Amino acid sequence: MLEKIIRRTFPGGIHPGDFKNQTKDKPIAPAPLPKEVVLPISQHIGAPAKPVVAKGDKVKKGQMVADAGGFVSAPVHASISGTVIAVEPRPHALGQKVMSIIIQSDGEDAWLDGLLGDCDADALTPVQIREKVQAAGIVGLGGAAFPTHVKLSPPANKPVDSVIINAVECEPFLTCDHRLMLERTSDVVAGLRLIMRALNAKRGYIAVEANKMDAFEKLREAAKPYDDVSMMLMEVKYPQGAELQLIEAVLGKQVPSGALPMEVGACVQNVGTTVAIYDACRYNKPLIERCLTVTGNGAGKPANLLVRLGTPIAGLMELCEASAEVNKLVLGGPMMGIAQSTSDVSVIKGTSGVLLMRSAHDFSDFQPCIRCGRCVEHCPMRLVPSDLSIICEAGRVEEMQASGIMDCKECGSCAYVCPARRPIVHWVKLGKAQLAKLKAKQPAKKPT
Amino acid sequence: MSKLLVSASPHIRSAESISTIMWTVVVALLPAGMLGVYVFGRNALLLIAISVATAAAAEFAIQKLRGRKTTLGDGSAIVTGLLMAYIISPGAPWYVPMVGSLFAIAVAKFAFGGLGMNIWNPALAGRAFVLSGYIIAMTATWIYPSHSQIIGGLKRGGRVLKAESVDATSTTGAPTIVDTTTAATSTIGASSIVDTTSAATPRAAIKDEIKAAQDRDWRGWRSIRQAGSGPRDWLKAIYARNKTSYIDLFIGTRGGCIGETSTILLLLGGLFLIFRRVIAWQIPIFYIGAAALLGWALPIRFPGGAAWFAGDPLFSVMSGGLMLGAFFMATDMVTSPVTRKGMIIFAIGCGVITAAIRSYGGYPEGVNYAILLMNTAVPLIDRYIRPRKYGAAA
């Protein structure tokens with residue numbers, strides 16, 4: 001019972017309203033088959049994938065249409081069966097246009113012959129698990145979209161002993177991970193066991209925030225047979241689901257600045273990713289669909305949906321009866337999601353939500369910093385965002401590095417609490433770009 | 001679908017804004033000012049009104065001249081105007097708050113770039129200005145009430161106190177030679193229920209008396225020896241003779257500036273701000289703690305030696321402007337550090353300087369200059385006291 005009393009967390013962070021009631025009781029429903037999908041070759045961190053199909057090619061569901069462009073990369077698979085009608089740049093959810101493979105559905109939704117199977121996942125070796133994950137094109141589905149097989153392949157001198165399942169879902173509004181935990185409870189635990197095996201990790205943790213007690217209880221029941229899996233009940237706080245904060249909250253360790261979690265022997269995987277890993281290992285299923293939440297005060301029928309990758313956002317908006325007054329379309333959650341200039345973008349691997357906002361602000365009416373210190377108190381990276389905002393606003397590039405700009409994960413806690421409504425994240429993003437430009441100009445200094 | 005707005009994340013913000021913060025401070029300040037008006041009379045209300053109106057007009061006019069949108073609605077000028085009035089004597093003439101507020105807004109705030117850019121708390125800078133400009137109006141126009149009169153007045157159900165502007169020249173310089181047992185109650189007009197003396201603030205009464213005893217030189221010392229008691233008893237006797245009662249200090253029925261007198265109302269207002277998370281608890285707690293500790297511990301010189309640990313900490317807290325300063329001025333966000341650790345250092349510094357001025361300085365009260373001096377140190381504190389970054393090398 002102790003585990004229900006102790007609620008772990010990290011220092012800093014904020015308590016925005018969670019706005020999850022709109023969708024948390026709605027089961028995941030498969031979205032209707034799209035007539036056309038747009039699959040960008042870059043849906044992950046790392047090298048873009050290379051298209052292996054051309055205009056006119058017939059493809060089946062699950063067929064690879066773009067191969068990984070390197071080790072830190074991921075292949076892209078057809079999410080419907082049909083005909084490739086174009087390979088051309090299209091608007092991308094992260095901004096700018098990206099080369100995309102456009103497939104028109106033949107309405108049959110037929111799997112590639114011989115692709116699916118039902119294998120004994122328990123018999124897989126670590127190498128086999130990694131290969132299956134890599135071939136399935138799985139990336140982190142929490143939003144960052146880092147290729148998962150890379151996380152599962154730490155160098156020999158950096159063994160991973162703790163695997164943490166990120167079942168926190170700290171972004172307000174989003175509930176698709178919550179639903180996955182309830183609807184695919186045992187697969188989450190099985191996925192965790194696979195990840196632990198792939199990494200030869202001794203401990204597994206499932207971290208759930210206290211606003212999802214039903215999921216916590218179900219997972220605890222499912223994890224009971226395994227002594228090496230611990231349930232972690234977390235205080236409800238944003239950004240608990242940020243990798244570095246979750247590691248600090250669960251393991252009490254800090255990942256050194258600029259290093260990867262494997263530095264402290266940790267590997268964090270999102271719930272959705274974990275289920276995708278299970279599906280890939282058990283059924284050979286490539287990543288062709290994902291769960292996401294369509295929500296917000298501009299959604300007439302908010303829902304948790306199982307959506308094919310490449311599905312046009314405009315179609316989902318229609319499905320969920322988007323209000324005509326929607327004036328902000330955000331892909332992802334309200335804290336870190338990206339506002340779109342057009343609904344002419346498609347669902348990619350990292351799209352965890354479609355937030356439709358009415359009477360939203362662009363927060364252009366900000367005031368000068370009044371040095372209240374709220375941002376300093378709430379910054380989970382313990383930076384001084386007030387200084388950072390002033391330095392970046394003024395474009396003082398030479399001071400940026402020292403003020404820790406590269407440690408900023410752009411979680412937005414500072415901007416959320418700022419009473420002057422300063423667009424701190426906006427300036428930090430600009431500052432990072434300016435700093436990168438400056439560094440590209442200067443010859444790299446030799447390490448001393 | 002309407003035109004889509006594009007802005008960087010986050011797309012939701014907390015409801016708190018600069019104006020909610022400032023107006024909350026105004027609400028928290030009001031009770032103490034209302035008591036000030038009740039105790040000190042109509043002149044106090046007039047001074048508050050002039051102060052707030054001048055601050056608002058100055059802010060409006062300056063922004064008009066600079067061609068900027070007015071920010072009067074954010075309430076920060078109102079806070080400055082209120083605070084300015086709260087820290088002047090209730091018997092001061094009308095132009096004192098006017099000049100003070102004008103200096104606070106035009107010089108202390110806008111000459112440095114406006115909200116967020118000022119180094120010194122505007123109201124305190126304004127007070128420092130009028131204190132040097134109108135020393136008699138600022139230090140010799142006290143109105144001295146006591147709670148028995150107030151309560152008596154309440155029982156009678158009528159207006160109890162009438163503010164009387166004091167003829168400053170008739171009282172300045174007097175207290176050190178008057179019989180100290182009656183200094184606090186010596187009256188200007190016997191018929192008035194409001195007693196006024198030049199040493200009418202509790203702090204000034206004590207300070208004058210200690211100084212007078214110190215000046216009495218060896219004879220005083222000999223009388224202590226003859227009485228067979230130590231310096232501690234000597235001090236205790238001074239406190240006993242001159243101290244305003246704790247109940248008067250607590251309620252606010254004592255001499256002092258308009259808004260600084262009521263310990264209870266300032267405490268309630270301050271706690272309200274802490275619970276609303278408008279101000280950080282670290283500043284008032286460490287400030288008051290340090291001032292009380294040093295007010296008790298710091299040695300008091302007397303003929304032939306010094307008495308340590310003989311002060312009255314409760315008196316230190318409730319007399320003077322410490323409560324108002326610690327809860328409402330040292331906590332000014334613009335002029336205090338941004339980190340919690342920095343706030344603690346800042347607050348302790350305020351407490352140390354306040355106690356030092358009170359014990360050894362020429363003024364009976366040190367809150368004003370203590371906070372101004374520590375305001376000056378804030379950029380330095382913020383430069384060196386920084387949070388330990390996540391993942392910083394051990």
# chains A, B, ... in the order shown; residues from 1 in each chain; ligands from 1
>>> select_by_dssp(residues="stretch 58-232 of chain A", states="alpha helix (DSSP H)", output="JSON list (two decimals) with N, CA and C atoms, in the first residue's frame")
[["chain", "number", "residue", "atom", "x", "y", "z"],
["A", 126, "PRO", "N", 17.80, -10.75, -27.65],
["A", 126, "PRO", "CA", 17.93, -9.29, -27.68],
["A", 126, "PRO", "C", 18.19, -8.77, -29.10],
["A", 127, "VAL", "N", 19.05, -9.46, -29.86],
["A", 127, "VAL", "CA", 19.36, -8.99, -31.21],
["A", 127, "VAL", "C", 18.11, -9.05, -32.09],
["A", 128, "GLN", "N", 17.35, -10.11, -31.96],
["A", 128, "GLN", "CA", 16.13, -10.24, -32.76],
["A", 128, "GLN", "C", 15.12, -9.14, -32.43],
["A", 129, "ILE", "N", 15.01, -8.82, -31.15],
["A", 129, "ILE", "CA", 14.07, -7.76, -30.74],
["A", 129, "ILE", "C", 14.48, -6.44, -31.40],
["A", 130, "ARG", "N", 15.77, -6.12, -31.30],
["A", 130, "ARG", "CA", 16.25, -4.87, -31.90],
["A", 130, "ARG", "C", 15.99, -4.83, -33.39],
["A", 131, "GLU", "N", 16.25, -5.97, -34.06],
["A", 131, "GLU", "CA", 16.05, -6.01, -35.52],
["A", 131, "GLU", "C", 14.59, -5.81, -35.88],
["A", 132, "LYS", "N", 13.71, -6.43, -35.12],
["A", 132, "LYS", "CA", 12.28, -6.29, -35.42],
["A", 132, "LYS", "C", 11.81, -4.85, -35.19],
["A", 133, "VAL", "N", 12.31, -4.24, -34.12],
["A", 133, "VAL", "CA", 11.93, -2.85, -33.82],
["A", 133, "VAL", "C", 12.43, -1.93, -34.92],
["A", 134, "GLN", "N", 13.66, -2.17, -35.35],
["A", 134, "GLN", "CA", 14.25, -1.34, -36.40],
["A", 134, "GLN", "C", 13.48, -1.49, -37.71],
["A", 135, "ALA", "N", 13.18, -2.75, -38.05],
["A", 135, "ALA", "CA", 12.48, -3.00, -39.32],
["A", 135, "ALA", "C", 11.07, -2.43, -39.30],
["A", 148, "THR", "N", 13.63, 4.18, -31.98],
["A", 148, "THR", "CA", 13.64, 3.37, -30.78],
["A", 148, "THR", "C", 14.78, 2.35, -30.77],
["A", 149, "HIS", "N", 15.13, 1.80, -31.95],
["A", 149, "HIS", "CA", 16.19, 0.79, -31.95],
["A", 149, "HIS", "C", 17.52, 1.38, -31.49],
["A", 150, "VAL", "N", 17.71, 2.69, -31.68],
["A", 150, "VAL", "CA", 18.95, 3.31, -31.22],
["A", 150, "VAL", "C", 19.00, 3.31, -29.70],
["A", 151, "LYS", "N", 17.83, 3.61, -29.10],
["A", 151, "LYS", "CA", 17.76, 3.58, -27.64],
["A", 151, "LYS", "C", 18.00, 2.17, -27.10],
["A", 176, "CYS", "N", -4.76, 9.63, -24.97],
["A", 176, "CYS", "CA", -4.63, 8.38, -25.74],
["A", 176, "CYS", "C", -3.74, 7.38, -25.02],
["A", 177, "ASP", "N", -2.70, 7.84, -24.31],
["A", 177, "ASP", "CA", -1.87, 6.90, -23.55],
["A", 177, "ASP", "C", -2.66, 6.28, -22.40],
["A", 178, "HIS", "N", -3.48, 7.09, -21.77],
["A", 178, "HIS", "CA", -4.33, 6.61, -20.68],
["A", 178, "HIS", "C", -5.22, 5.47, -21.19],
["A", 179, "ARG", "N", -5.84, 5.70, -22.35],
["A", 179, "ARG", "CA", -6.72, 4.68, -22.93],
["A", 179, "ARG", "C", -5.94, 3.41, -23.28],
["A", 180, "LEU", "N", -4.73, 3.61, -23.84],
["A", 180, "LEU", "CA", -3.92, 2.44, -24.20],
["A", 180, "LEU", "C", -3.63, 1.59, -22.97],
["A", 181, "MET", "N", -3.32, 2.25, -21.86],
["A", 181, "MET", "CA", -3.01, 1.53, -20.62],
["A", 181, "MET", "C", -4.20, 0.71, -20.16],
["A", 182, "LEU", "N", -5.42, 1.28, -20.34],
["A", 182, "LEU", "CA", -6.62, 0.58, -19.90],
["A", 182, "LEU", "C", -6.98, -0.54, -20.86],
["A", 183, "GLU", "N", -6.79, -0.28, -22.16],
["A", 183, "GLU", "CA", -7.29, -1.23, -23.16],
["A", 183, "GLU", "C", -6.25, -2.27, -23.55],
["A", 185, "THR", "N", -3.56, -3.28, -21.40],
["A", 185, "THR", "CA", -2.76, -3.35, -20.18],
["A", 185, "THR", "C", -1.66, -4.42, -20.24],
["A", 186, "SER", "N", -2.06, -5.63, -20.59],
["A", 186, "SER", "CA", -1.07, -6.72, -20.53],
["A", 186, "SER", "C", -0.01, -6.54, -21.61],
["A", 187, "ASP", "N", -0.37, -5.91, -22.74],
["A", 187, "ASP", "CA", 0.62, -5.70, -23.80],
["A", 187, "ASP", "C", 1.66, -4.66, -23.39],
["A", 188, "VAL", "N", 1.24, -3.69, -22.56],
["A", 188, "VAL", "CA", 2.20, -2.71, -22.05],
["A", 188, "VAL", "C", 3.25, -3.43, -21.20],
["A", 189, "VAL", "N", 2.77, -4.32, -20.32],
["A", 189, "VAL", "CA", 3.71, -5.05, -19.46],
["A", 189, "VAL", "C", 4.59, -5.98, -20.30],
["A", 190, "ALA", "N", 3.97, -6.65, -21.29],
["A", 190, "ALA", "CA", 4.75, -7.55, -22.16],
["A", 190, "ALA", "C", 5.78, -6.75, -22.95],
["A", 191, "GLY", "N", 5.41, -5.57, -23.41],
["A", 191, "GLY", "CA", 6.34, -4.72, -24.14],
["A", 191, "GLY", "C", 7.52, -4.31, -23.27],
["A", 192, "LEU", "N", 7.21, -3.97, -22.01],
["A", 192, "LEU", "CA", 8.27, -3.62, -21.07],
["A", 192, "LEU", "C", 9.24, -4.78, -20.89],
["A", 193, "ARG", "N", 8.68, -6.01, -20.78],
["A", 193, "ARG", "CA", 9.54, -7.20, -20.60],
["A", 193, "ARG", "C", 10.45, -7.36, -21.82],
["A", 194, "LEU", "N", 9.92, -7.08, -23.01],
["A", 194, "LEU", "CA", 10.74, -7.20, -24.23],
["A", 194, "LEU", "C", 11.88, -6.17, -24.22],
["A", 195, "ILE", "N", 11.54, -4.94, -23.83],
["A", 195, "ILE", "CA", 12.57, -3.89, -23.80],
["A", 195, "ILE", "C", 13.65, -4.26, -22.78],
["A", 196, "MET", "N", 13.22, -4.75, -21.62],
["A", 196, "MET", "CA", 14.19, -5.14, -20.59],
["A", 196, "MET", "C", 15.09, -6.25, -21.10],
["A", 197, "ARG", "N", 14.50, -7.19, -21.86],
["A", 197, "ARG", "CA", 15.30, -8.30, -22.40],
["A", 197, "ARG", "C", 16.30, -7.77, -23.44],
["A", 198, "ALA", "N", 15.82, -6.88, -24.30],
["A", 198, "ALA", "CA", 16.69, -6.34, -25.35],
["A", 198, "ALA", "C", 17.89, -5.62, -24.74],
["A", 199, "LEU", "N", 17.69, -5.00, -23.58],
["A", 199, "LEU", "CA", 18.76, -4.22, -22.96],
["A", 199, "LEU", "C", 19.49, -4.98, -21.86],
["A", 213, "MET", "N", -5.62, 6.69, -11.75],
["A", 213, "MET", "CA", -5.56, 5.60, -10.78],
["A", 213, "MET", "C", -6.10, 4.30, -11.36],
["A", 214, "ASP", "N", -7.11, 4.39, -12.22],
["A", 214, "ASP", "CA", -7.67, 3.16, -12.81],
["A", 214, "ASP", "C", -6.60, 2.43, -13.61],
["A", 215, "ALA", "N", -5.82, 3.19, -14.39],
["A", 215, "ALA", "CA", -4.76, 2.57, -15.18],
["A", 215, "ALA", "C", -3.67, 2.04, -14.27],
["A", 216, "PHE", "N", -3.38, 2.78, -13.20],
["A", 216, "PHE", "CA", -2.35, 2.35, -12.27],
["A", 216, "PHE", "C", -2.72, 0.99, -11.67],
["A", 217, "GLU", "N", -3.97, 0.87, -11.24],
["A", 217, "GLU", "CA", -4.42, -0.38, -10.62],
["A", 217, "GLU", "C", -4.36, -1.54, -11.60],
["A", 218, "LYS", "N", -4.83, -1.31, -12.83],
["A", 218, "LYS", "CA", -4.84, -2.38, -13.83],
["A", 218, "LYS", "C", -3.43, -2.84, -14.17],
["A", 219, "LEU", "N", -2.54, -1.86, -14.33],
["A", 219, "LEU", "CA", -1.16, -2.20, -14.67],
["A", 219, "LEU", "C", -0.50, -2.94, -13.51],
["A", 220, "ARG", "N", -0.84, -2.53, -12.31],
["A", 220, "ARG", "CA", -0.23, -3.18, -11.15],
["A", 220, "ARG", "C", -0.64, -4.65, -11.09],
["A", 221, "GLU", "N", -1.91, -4.87, -11.39],
["A", 221, "GLU", "CA", -2.40, -6.25, -11.42],
["A", 221, "GLU", "C", -1.63, -7.06, -12.47],
["A", 222, "ALA", "N", -1.48, -6.45, -13.65],
["A", 222, "ALA", "CA", -0.83, -7.15, -14.76],
["A", 222, "ALA", "C", 0.66, -7.37, -14.50],
["A", 223, "ALA", "N", 1.27, -6.48, -13.72],
["A", 223, "ALA", "CA", 2.71, -6.57, -13.50],
["A", 223, "ALA", "C", 3.04, -7.41, -12.28]]
>>> select_by_dssp(residues="stretch 223-329 of chain B", states="strand (DSSP E or B)", output="PyMOL selection string")
chain B and resi 300-302+305-307
>>> residues_around(residues="stretch 331-347 of chain B", least_positions_apart="6", cutoff="7 Å", atoms="only C-alpha atoms", output="number ranges by chain")
A: 370-373, 376; B: 116, 118-121, 279, 282-283, 286-287, 374-375, 378, 381-382, 385-386
>>> write_last_selection(atoms="C-alpha atoms", output="mmCIF file, in the first residue's frame")
data_model
loop_
_atom_site.group_PDB
_atom_site.id
_atom_site.type_symbol
_atom_site.label_atom_id
_atom_site.label_comp_id
_atom_site.auth_asym_id
_atom_site.auth_seq_id
_atom_site.Cartn_x
_atom_site.Cartn_y
_atom_site.Cartn_z
ATOM 1 C CA ILE A 370 8.975 42.140 -13.791
ATOM 2 C CA ARG A 371 11.548 39.751 -12.316
ATOM 3 C CA CYS A 372 8.929 37.958 -10.245
ATOM 4 C CA GLY A 373 11.016 34.777 -10.280
ATOM 5 C CA VAL A 376 13.029 30.371 -11.985
ATOM 6 C CA GLY B 116 10.507 45.961 -14.546
ATOM 7 C CA ASN B 118 13.834 50.141 -11.943
ATOM 8 C CA ILE B 119 16.621 49.366 -9.492
ATOM 9 C CA TRP B 120 14.988 50.884 -6.421
ATOM 10 C CA ASN B 121 11.508 50.429 -5.087
ATOM 11 C CA ILE B 279 4.815 37.012 -2.872
ATOM 12 C CA GLN B 282 11.077 33.802 2.297
ATOM 13 C CA ILE B 283 11.465 37.573 2.139
ATOM 14 C CA PHE B 286 13.800 36.133 6.949
ATOM 15 C CA TYR B 287 13.628 39.915 7.039
ATOM 16 C CA MET B 374 19.649 45.935 -0.545
ATOM 17 C CA ASN B 375 17.782 46.846 -3.773
ATOM 18 C CA VAL B 378 20.118 42.756 -6.119
ATOM 19 C CA ILE B 381 23.022 38.750 -5.762
ATOM 20 C CA ASP B 382 21.341 37.577 -8.953
ATOM 21 C CA ILE B 385 23.264 33.149 -6.697
ATOM 22 C CA ARG B 386 21.962 30.936 -9.443
#
>>> atom_distance(atom1="atom CA of B:Thr54", atom2="atom CA of A:Pro368")
23.2 Å
>>> residues_around(residues="B:Phe103", least_positions_apart="2", cutoff="12 Å", atoms="only C-alpha atoms", output="number ranges by chain")
B: 51, 54-55, 58-59, 80-81, 84, 96-101, 105-111, 120-130, 133
>>> interface_residues(of="chain B", to="chain A", cutoff="6 Å", atoms="only C-alpha atoms", output="list in words")
Met1, Ser2, Lys3, Leu4, Leu5, Val6, Ser7, Ala8, Ser9, Pro10, His11, Arg13, Ser14, Glu16, Ser17, Ile18, Gly116, Met333, Val334, Val338, Pro387, Lys389, Tyr390, Gly391 and Ala392 of chain B
>>> atom_distance(atom1="atom CA of B:Ile285", atom2="atom CA of B:Ala355")
15.1 Å
>>> residues_around(residues="B:Gly325", least_positions_apart="3", cutoff="10 Å", atoms="only C-alpha atoms", output="list in words")
Leu83, Ile87, Leu124, Glu260, Leu266, Pro284, Tyr287, Ile288, Gly320, Gly321, Leu322, Phe328, Met329, Ala330, Thr331, Asp332, Cys350, Val367, Asn368, Ala370 and Ile371 of chain B
>>> closest_residue(among="B:Leu372, B:Leu29, B:Ile88, B:Ala280", to="B:Ile353", atoms="only C-alpha atoms")
B:Leu372
>>> residues_around(residues="stretch 20-24 of chain B", least_positions_apart="5", cutoff="7 Å", atoms="only C-alpha atoms", output="list in words")
Asp74, Gly75, Ser76, Val79 and Val278 of chain B
>>> write_last_selection(atoms="N, CA and C atoms", output="short mmCIF file (atom, residue, chain, number, x, y, z; two decimals), in the first residue's frame")
data_model
loop_
_atom_site.label_atom_id
_atom_site.label_comp_id
_atom_site.auth_asym_id
_atom_site.auth_seq_id
_atom_site.Cartn_x
_atom_site.Cartn_y
_atom_site.Cartn_z
N ASP B 74 -2.61 48.08 -15.27
CA ASP B 74 -1.89 46.99 -14.60
C ASP B 74 -1.75 47.23 -13.10
N GLY B 75 -2.12 48.44 -12.65
CA GLY B 75 -2.21 48.67 -11.21
C GLY B 75 -0.90 48.96 -10.51
N SER B 76 0.21 48.90 -11.22
CA SER B 76 1.48 49.06 -10.51
C SER B 76 1.66 50.49 -10.01
N VAL B 79 -0.26 50.82 -6.76
CA VAL B 79 0.49 50.24 -5.64
C VAL B 79 1.55 51.24 -5.16
N VAL B 278 1.32 35.30 -4.36
CA VAL B 278 1.74 36.51 -5.04
C VAL B 278 3.16 36.87 -4.62
#
>>> atom_distance(atom1="atom CA of B:Val317", atom2="atom CA of B:Ala292")
5.9 Å
>>> closest_residue(among="A:Gly265, A:Leu331, A:Leu39, A:Ile247", to="A:Pro154", atoms="only C-alpha atoms")
A:Gly265
>>> residues_around(residues="B:Tyr363", least_positions_apart="5", cutoff="9 Å", atoms="only C-alpha atoms", output="list in words")
Ala204, Lys207, Ile357 and Arg358 of chain B
